[in-house]
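Novice: Got a structure for you, written out below as C-alpha cells; questions coming shortly.
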Amino acid sequence: MKKAESKTKLIIIGNGMVGHHLLEQLAAHKQVDYFDVTIFCAEPRTAYDRVHLSDYFAGSTAEDLAMGSARQYRQWGFELLVDERVIEIDRANKTVTAQSGIVKNYDQLVLATGSYPFVPQIPGNQHKKCFVYRTLEDLDAIRSAAANAKRGVVLGGGLLGLEAANALKILGLDTHIVEFASGLMPIQLDAGGSALLKQKIEALGVDVHIGTVTELIEEVNGRLRMQFRDGSELITDMIVFSTGIRPRDELAASAGLQLGKRGGIVIDQNCRTSDSDIFAIGECALFKQRIFGLVAPGFSMARTAVAQLTDEQTFFSGADLSTKLKLLGVQVGSIGDAHGHTENSAAITFIDEQAGVYKRMITDAEGKQLLGAVLVGDTDNYDTLLQYHLNAIVLPEHPEQLILPTADNAATAPGTPDLPATATVCSCHNVSKGQILDTIAKGCHSLEEIKDITKAGTGCGGCAPLLKNIVDDAFTTLGMEVNNHLCAHFPFSRQQLFQIIQVERIKTFPELLQKRGRGYGCEICKPAVASILASLWNEHILEQPHVGLQDTNDTFMANMQKNGSYSVVPRIPAGEITPQKLIVIGRVAKRYNLYTKITGGQRIDLFGARLEQLPEIWRALIDAGFETGHAYGKSLRTVKSCVGNTWCRFGVQDSVSMALLMENRYKGLRSPHKIKMAVSGCTRECAEAQSKDVGVIATDNGWNMFVCGNGGMRPRHADLFATDLDNKTLIRYIDRFLMFYVRTADKLQRTSRWLENFDGGLDNLREIIIEDKLKICKELEAQMARVIDTYQCEWKATINDSEKLKRFRQFINSDKTDDRIVFMNERGQPRPAQVEEIVGVVEPI
Amino acid sequence: MAHTLLKSSQTHSFDLIHSLWQPICQRSDLISDSGVCALWEHTPTQKKRKTCTLSRKSIALFFLPSQAQQLYAIDNWDPIAQAGVVARGILAELDGEFTIASPLYKHHFRLTDGLCMENSNIQLSTYPLTFIGDTVFIDSNSI
C-alpha cells in the first residue's frame with residue numbers, strides 16, 4: 001500500500017473514451033488520493049462519445065457527446081493539459097515531453113493514444129474532398145463539404161463505413177458505398193447475411209458497390225472521378241474513407257517499447273507493456289496479436305490497469321467481439337465465429353425472404369455448443385444466443401428453436417444450473433453469476449433489489465431473461481416461492497389481471513374474485529383492481545361496488561395526514577392561476593383554518609381539513625370553478641411548465657398552452673402509480689421535464705419527448721424518446737405511451753422502474769409506440785379516448801350526491817367532531833399538535 | 001329474539017356478568033365491505049360499571065355482508081399511528097383471517113380480537129355487535 005505523503009506520479013497520455021474510463025474508475029477508487037494524476041490530451045477537447053458520433057448529424061451537439069470535462073477532472077483533483085501532444089517519452093529518466101516544451105516526471109505511465117483511420121494507398125487520396133470519419137473536427141469538415149455536394153461515396157463497407165453512409169444520408173446526399181470485399185461487413189457477417197444487408201440498405205436508397213477495387217481518384221470538372229479496377233467509374237462530390245484503423249503507436253515506438261509486427265503496443269494480461277512502469281490500453285494496445293477496436297474491451301483494459309495501479313488482481317484475458325447494432329435502420333448481430341471457420345462446425349439457417357430476416361447459428365459437430373451466429377433484420381434472439389456462446393452453455397435438444405419464430409415471440413433463455421459462477425451475466429456492468437448468487441445469499445430476495453445492488457440488467461437489458469432465470473433458480477433452491485402474483489387472492493400479475501378484466505369485460509371486484517380469485521381480497525389487490533377497473537371503465541370510484549376497494553385517500557378524495565386530518569389540492573392546470581382564483585383559495589383556507597403550502601408541482605396544498613369539512617370546502621372551490629387535483633390518486637398529478645415564449649425571451653414554443661392541453665387531456669387517468677409531467681419552452685429546461693414520467697422540451701421545430709424520468713428517492717434522468725414532434729404526433733405518442741404503461745406495469749411501479757424492467761428496453765418501447773410493432777396502437781388510442789370522454793370531476797359528482805356524501809361523516813351517529821385532532825399555531829398558520837401537546841388536554845377516544 | 005342475543009353474547013367470553021345491548025346506528029349507516037366510525041357515549045342513565053373508565057369512545061364498525069360473521073366493532077384509535085383512523089382502512093383477508101389494514105402505516109388488526117398482526121404486543125379492543133332488525137346493537141358492557 002502506498003502512503004499518501006509519497007504520491008505516485010501517474011501520467012495518462014490520451015483522453016479518448018478509454019482514457020476517460022480509466023480516470024472515472026480511478027476517481028471512484030478509494031486509493032485515488034495516493035496518486036498525482038496528469039492527463040495529456042492532444043485533441044482540442046476532452047473525451048467524447050465516439051460510438052455515437054453519427055448522432056452529431058442527427059441533432060446531438062458536441063456537449064451532448066462530451067464524456068469528460070475540465071471541470072470534472074479538476075473536481076477529481078487531476079491536472080488536465082488540453083491540446084498538448086506528447087512528443088517524447090524518456091524511459092531512463094522517467095519523463096514525458098510535450099510539444100509546448102512541458103516536461104513532466106512519472107512513476108507510472110498509461111498510454112491511451114487510440115488509433116487513427118487507415119487510408120489505403122490510392123492515387124488522389126489526399127484530395128481536399130477526401131475525408132476520414134473519426135473526430136468531431138472530421139465531421140465538421142464533412143458537414144461543410146456536404147453543403148455544396150450532391151453525391152457522397154463512402155469507401156469501405158464495414159461497420160464504421162455504414163455509420164458514415166448513414167451520416168451522408170442524413171446530410172441529404174445521394175449516398176454510395178464502395179467495398180473492396182465481396183460483401184458488406186465482411187468481418188462480422190457471412191455471405192447470406194451480408195447479401196440481405198446489402199438488399200436492405202439498397203432499399204433505403206443507398207447504392208452499394210461490392211467487390212469493387214478503387215485504383216484512382218482524380219478531379220474532373222470540379223468533381224471527383226473514381227476509377228475502378230473493372231474499368232467502370234463513379235463521379236462524386238466527396239469521398240469518406242472508412243477502411244479500418246491503425247494503432248497510434250509512434251510514441252511507444254520511439255520510446256523503444258515492443259510493438260507487434262503490424263503495429264500495436266504489445267501488452268500482457270496486466271495491460272503492462274515491455275516496460276513494466278508503462279501501461280497501454282484501448283485501440284493502441286496489442287494483446288495476443290490482436291487489436292480490439294471496440295469500446296467494451298477498451299473499458300475492460302482500463303479497469304485492469306486501475307486494478308494493477310492499486311495493487312489489485314484483475315486480468316485482461318481478451319474480449320469477445322460479438323456485436324449487435326442498428327445500421328441505417330437495419331438490425332444486425334454477429335456472434336463469435338460468424339463464418340463457421342471452426343473445423344467440423346455445422347450451421348442452422350433460417351431465412352424469411354418476405355420479412356427480410358436472416359438468422360444463422362454455427363454449432364459444433366454434435367450441435368451442443370454455439371460457436372457463432374449471424375442475425376440480419378431481426379436481432380431479438382441476440383442476447384440469448386450470446387449467453388449460450390459466452391458461457392459455453394449446452395444447447396437445447398432442438399437448437400433450431402433458438403432462431404425459429406415462436407408463437408409468443410419469446411426466445412428460450414438458457415437454463416442456469418450448468419452455468420459456472422464466473423460466467424458474466426451482465427456485460428454492461430461486468431456482473432458475474434457468482435456476484436448475483438452472493439447478493440441473494442446476503443439476504444436480497446427480490447429481482448428488483450438484486451438489480452439495484454449489482455446493477456445487473458440495468459445497462460442494455462439484454463441479459464434480463466438470463467438474470468431472471470438465475471434468480472428464479474436460486475430462489476427455488478432456497479425453497480422460496482417465486483411469483484409475480486398480485487397477492488394471495490389472485491394468482492396473476494397485474495398485467496395479466498388487466499388483460500383478464502379487459503377481455504372478459506369484468507366490471508366489479510366481487511365478479512373478478514369469483515371468476516379468477518380466491519378468498520376475500522386485501523389491501524394490495526383491492527386498490528390495484530380498483531385502479532384497473534377505473535383505467536378501463538372509468539366509473540366513479542365511490543360507486544357502491546368500488547367504494548370498499550379504495551385506499552383511504554381515494555375514498556375521501558383527499559390526502560390523509562399524520563393526525564387523521566386531510567389535505568386538499570385543487571387542480572391548477574400547468575400552474576397557471578388567475579388572481580380571482582388565488583383569492584378564492586385564500587378565502588377558503590382562511591375560513592376553514594387551513595395550512596397552505598405551494599407544492600413542487602406548481603399548485604397549492606391546503607392542510608388540516610377534517611373529514612366532515614371536505615364536502616363544504618369542495619363546494620366552495622367548485623363554485624369558483626376549481627376541479628379536483630387527484631393528488632390523492634394513482635393518476636396524473638400535474639403538468640409543470642415554464643412561461644414559454646409568451647413571456648420568456650429564450651422560449652421557442654408556448655409551453656404553457658401545451659402543458660394545459662396535456663393536463664386537461666390526461667387528468668383523471670387512473671394508472672399503476674402516480675404520473676408527473678412537465679413542459680419546458682426551450683432547452684434551458686426550467687420546468688425540469690427530464691425528471692418526469694413524460695417530459696416535453698420545445699425545439700425550434702416542435703417538441704422533444706422524454707420518458708420515464710423520476711425524482712424522489714431513486715432519481716432517474718428521462719430518456720429521449722422522439723424528437724421534433726408536431727403537436728398532434730406528440731399527443732398521439734403520449735396517448736399510446738401512457739396507455740401501454742397502464743396496461744403493462746406492475747402494481748405501484750413508476751414508469752422509470754417499469755422501463756428498466758421492460759424487455760428490450762427503450763428501443764423496444766420505441767418500436768411498439770412509434771412503429772406500432774405489436775399492432776396495438778389503435779386500440780391504445782381508442783382506450784385513451786374513452787377515458788378522456790368519460791372524465792368527470794369526482795368531487796363535483798360527489799357534492800351533488802347525498803348517498804356519496806354520507807361517507808363524509810366523522811361519526812355516523814353523532815354530529816360531534818374528532819376532538820383528538822388538535823392544531824397549534826406556528827408562523828401564523830395551524831399545524832398538527834404533537835402527542836405531548838395533547839396528553840392531558842383531551843382524553844383518548 | 002332475546003334468545004339469539006344471548007347466544008351472540010355467549011360467543012364472546014368477557015368477565016362481565018351480562019351483556020347490555022344498546023343501539024348504535026342503523027343498517028343503512030353501514031357501508032358494505034368497508035368501515036364507518038361511531039361514537040359511543042356514556043349517558044348518565046346507564047348504571048356505573050367497573051369496566052367503564054371512559055365517558056366516550058370512537059368505534060370502527062365493519063360490515064361484511066357476504067361472510068358468515070357480518071359485523072365487527074373495534075377501536076377506531078390506531079395506537080401506532082396515534083390517530084383515530086382505523087375505520088378508514090381497507091378490509092383485508094390474510095390466510096383466512098379478517099383484518100383491517102389501518103390507513104396511515106398499514107398495520108393489520110385482526111377483527112376477531114384486535115391483535116396487531118405485525119406486533120403482538122399491541123391489541124385493540126373489540127366489541128360484540130349485532131343486528132336486531134335494521135338496527136345495529138353494541139354490547140356496551142364490554143366497552
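Letters for chains follow the order of the C-alpha cells (A, B, ...), residue numbers begin at 1 for each chain, and ligand numbers begin at 1 in the order shown.
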Select residues of chain B: the criterion is any atom within 10 Å of an atom of chain A, counting only C-alpha atoms; output as a ChimeraX atom specification.

Specialist: /B:24-26,29-41,54-61,64,66-67,75-77,81-106,108

Novice: Compile the contact shell of segment 72-85 of chain A as a list of chain:residue names: residues with an atom at most 8 Å away, counting only C-alpha atoms, same-chain residues fewer than 4 positions apart removed.

Specialist: A:Ala27, A:Asp36, A:Val37, A:Thr38, A:Ile39, A:Phe40, A:Cys41, A:Ala42, A:Glu43, A:Pro44, A:Arg45, A:Thr46, A:Gly68, A:Ala98, A:Gln99, A:Ser100

Novice: Might you pull out every residue within 9 Å of Ala146 of chain A, with only C-alpha atoms counted and same-chain residues fewer than 3 positions away left off, and present them as a PDB file with C-alpha atoms, in the first residue's frame?

Specialist:
ATOM      1  CA  ALA A 141     -15.342  19.173 -42.344  1.00  0.00           C
ATOM      2  CA  ILE A 142     -17.714  16.584 -43.845  1.00  0.00           C
ATOM      3  CA  ARG A 143     -20.716  18.710 -42.982  1.00  0.00           C
ATOM      4  CA  ALA A 149     -22.414  18.432 -52.698  1.00  0.00           C
ATOM      5  CA  LYS A 150     -24.974  16.209 -54.371  1.00  0.00           C
ATOM      6  CA  ARG A 151     -23.314  12.838 -54.104  1.00  0.00           C
ATOM      7  CA  GLY A 152     -21.058  11.281 -51.468  1.00  0.00           C
ATOM      8  CA  LEU A 168     -24.081  11.213 -45.521  1.00  0.00           C
ATOM      9  CA  LEU A 171     -26.870  15.204 -44.720  1.00  0.00           C
ATOM     10  CA  GLY A 172     -29.080  14.676 -47.772  1.00  0.00           C
ATOM     11  CA  LEU A 173     -26.522  13.285 -50.177  1.00  0.00           C
ATOM     12  CA  ASP A 237     -18.508  15.340 -54.928  1.00  0.00           C
ATOM     13  CA  MET A 238     -16.794  13.905 -51.903  1.00  0.00           C
TER      14      MET A 238
END

Novice: If I take atom CA of His18 of chain B and atom CA of Ser140 of chain B, how far is one from the other in Å, to one decimal?

Specialist: 10.2 Å

Novice: Need the shell around Gly114 of chain B: protein/DNA/RNA residues with any atom at most 7 Å away, counting only C-alpha atoms. Skip same-chain ones fewer than 2 positions apart. Format as a PyMOL selection string?

Specialist: chain B and resi 74+109-112+116+123-126

Novice: If we count only C-alpha atoms, what is near segment 778-781 of chain A at a cut-off of 7 Å, once residues fewer than 4 positions away on the same chain are taken out, given as JSON, numbers by chain?

Specialist: {"A": [735, 736, 739, 740, 785]}

Novice: By how many Å are atom CA of Gln108 of chain A and atom CA of Asn15 of chain A apart?

Specialist: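 Distance reported for this atom pair: 16.4 Å.
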
Novice: Grab the atom CA of Arg670 of chain A to atom CA of Ser531 of chain A distance for me, in Å with one decimal place.

Specialist: 5.8 Å

Novice: List the spatial neighbours of Leu371 of chain A as a list in words - criterion: any atom at most 6 Å away, only C-alpha atoms, same-chain residues fewer than 4 positions off excluded.

Specialist: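 Once the adjacent positions are removed, what remains is Asp337, Ile362 and Thr363 of chain A.
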
Novice: What lies within 10 Å of Gly760 of chain A using only C-alpha atoms, ignoring chain neighbours under 2 positions off, as a list in words?

Specialist: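 Those residues are Asp380, Asp383, Cys460, Gly461, Gly462, Cys463, Ala464, Leu755, Glu756, Asn757, Phe758, Leu762, Asp763, Asn764, Leu765, Arg766 and Glu767 of chain A.
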
Novice: Would you mind exporting N, CA and C atoms of the selected residues as a PDB file, in the first residue's frame?

Specialist:
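Result file is selection.pdb:
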ATOM      1  N   ASP A 380     -33.714  -9.971 -32.191  1.00  0.00           N
ATOM      2  CA  ASP A 380     -34.351 -10.269 -30.902  1.00  0.00           C
ATOM      3  C   ASP A 380     -33.678 -11.431 -30.164  1.00  0.00           C
ATOM      4  N   ASP A 383     -29.327 -11.597 -27.612  1.00  0.00           N
ATOM      5  CA  ASP A 383     -28.849 -11.686 -26.228  1.00  0.00           C
ATOM      6  C   ASP A 383     -28.851 -13.121 -25.711  1.00  0.00           C
ATOM      7  N   CYS A 460     -27.989  -2.412 -21.057  1.00  0.00           N
ATOM      8  CA  CYS A 460     -28.794  -2.572 -22.268  1.00  0.00           C
ATOM      9  C   CYS A 460     -30.011  -3.438 -22.000  1.00  0.00           C
ATOM     10  N   GLY A 461     -29.999  -4.174 -20.912  1.00  0.00           N
ATOM     11  CA  GLY A 461     -31.157  -5.001 -20.567  1.00  0.00           C
ATOM     12  C   GLY A 461     -31.172  -6.342 -21.270  1.00  0.00           C
ATOM     13  N   GLY A 462     -30.157  -6.598 -22.074  1.00  0.00           N
ATOM     14  CA  GLY A 462     -30.128  -7.825 -22.864  1.00  0.00           C
ATOM     15  C   GLY A 462     -30.060  -9.090 -22.032  1.00  0.00           C
ATOM     16  N   CYS A 463     -29.486  -8.987 -20.835  1.00  0.00           N
ATOM     17  CA  CYS A 463     -29.304 -10.181 -20.021  1.00  0.00           C
ATOM     18  C   CYS A 463     -30.526 -10.461 -19.151  1.00  0.00           C
ATOM     19  N   ALA A 464     -31.575  -9.655 -19.301  1.00  0.00           N
ATOM     20  CA  ALA A 464     -32.744  -9.786 -18.419  1.00  0.00           C
ATOM     21  C   ALA A 464     -33.303 -11.208 -18.317  1.00  0.00           C
ATOM     22  N   LEU A 755     -39.670   0.828 -17.138  1.00  0.00           N
ATOM     23  CA  LEU A 755     -38.800   0.779 -18.314  1.00  0.00           C
ATOM     24  C   LEU A 755     -37.569  -0.071 -18.044  1.00  0.00           C
ATOM     25  N   GLU A 756     -37.008   0.072 -16.832  1.00  0.00           N
ATOM     26  CA  GLU A 756     -35.807  -0.706 -16.511  1.00  0.00           C
ATOM     27  C   GLU A 756     -36.091  -2.206 -16.544  1.00  0.00           C
ATOM     28  N   ASN A 757     -37.326  -2.576 -16.284  1.00  0.00           N
ATOM     29  CA  ASN A 757     -37.677  -3.992 -16.295  1.00  0.00           C
ATOM     30  C   ASN A 757     -38.306  -4.430 -17.608  1.00  0.00           C
ATOM     31  N   PHE A 758     -38.394  -3.513 -18.537  1.00  0.00           N
ATOM     32  CA  PHE A 758     -39.106  -3.801 -19.775  1.00  0.00           C
ATOM     33  C   PHE A 758     -38.185  -4.530 -20.749  1.00  0.00           C
ATOM     34  N   LEU A 762     -35.629   0.659 -24.110  1.00  0.00           N
ATOM     35  CA  LEU A 762     -36.142   1.826 -24.810  1.00  0.00           C
ATOM     36  C   LEU A 762     -36.372   1.558 -26.297  1.00  0.00           C
ATOM     37  N   ASP A 763     -35.447   0.807 -26.913  1.00  0.00           N
ATOM     38  CA  ASP A 763     -35.587   0.549 -28.352  1.00  0.00           C
ATOM     39  C   ASP A 763     -36.882  -0.192 -28.636  1.00  0.00           C
ATOM     40  N   ASN A 764     -37.134  -1.211 -27.808  1.00  0.00           N
ATOM     41  CA  ASN A 764     -38.352  -1.984 -27.999  1.00  0.00           C
ATOM     42  C   ASN A 764     -39.592  -1.118 -27.767  1.00  0.00           C
ATOM     43  N   LEU A 765     -39.497  -0.266 -26.750  1.00  0.00           N
ATOM     44  CA  LEU A 765     -40.623   0.623 -26.454  1.00  0.00           C
ATOM     45  C   LEU A 765     -40.898   1.548 -27.638  1.00  0.00           C
ATOM     46  N   ARG A 766     -39.816   2.075 -28.228  1.00  0.00           N
ATOM     47  CA  ARG A 766     -39.982   2.922 -29.412  1.00  0.00           C
ATOM     48  C   ARG A 766     -40.663   2.157 -30.536  1.00  0.00           C
ATOM     49  N   GLU A 767     -40.226   0.912 -30.740  1.00  0.00           N
ATOM     50  CA  GLU A 767     -40.812   0.134 -31.830  1.00  0.00           C
ATOM     51  C   GLU A 767     -42.300  -0.094 -31.591  1.00  0.00           C
TER      52      GLU A 767
END
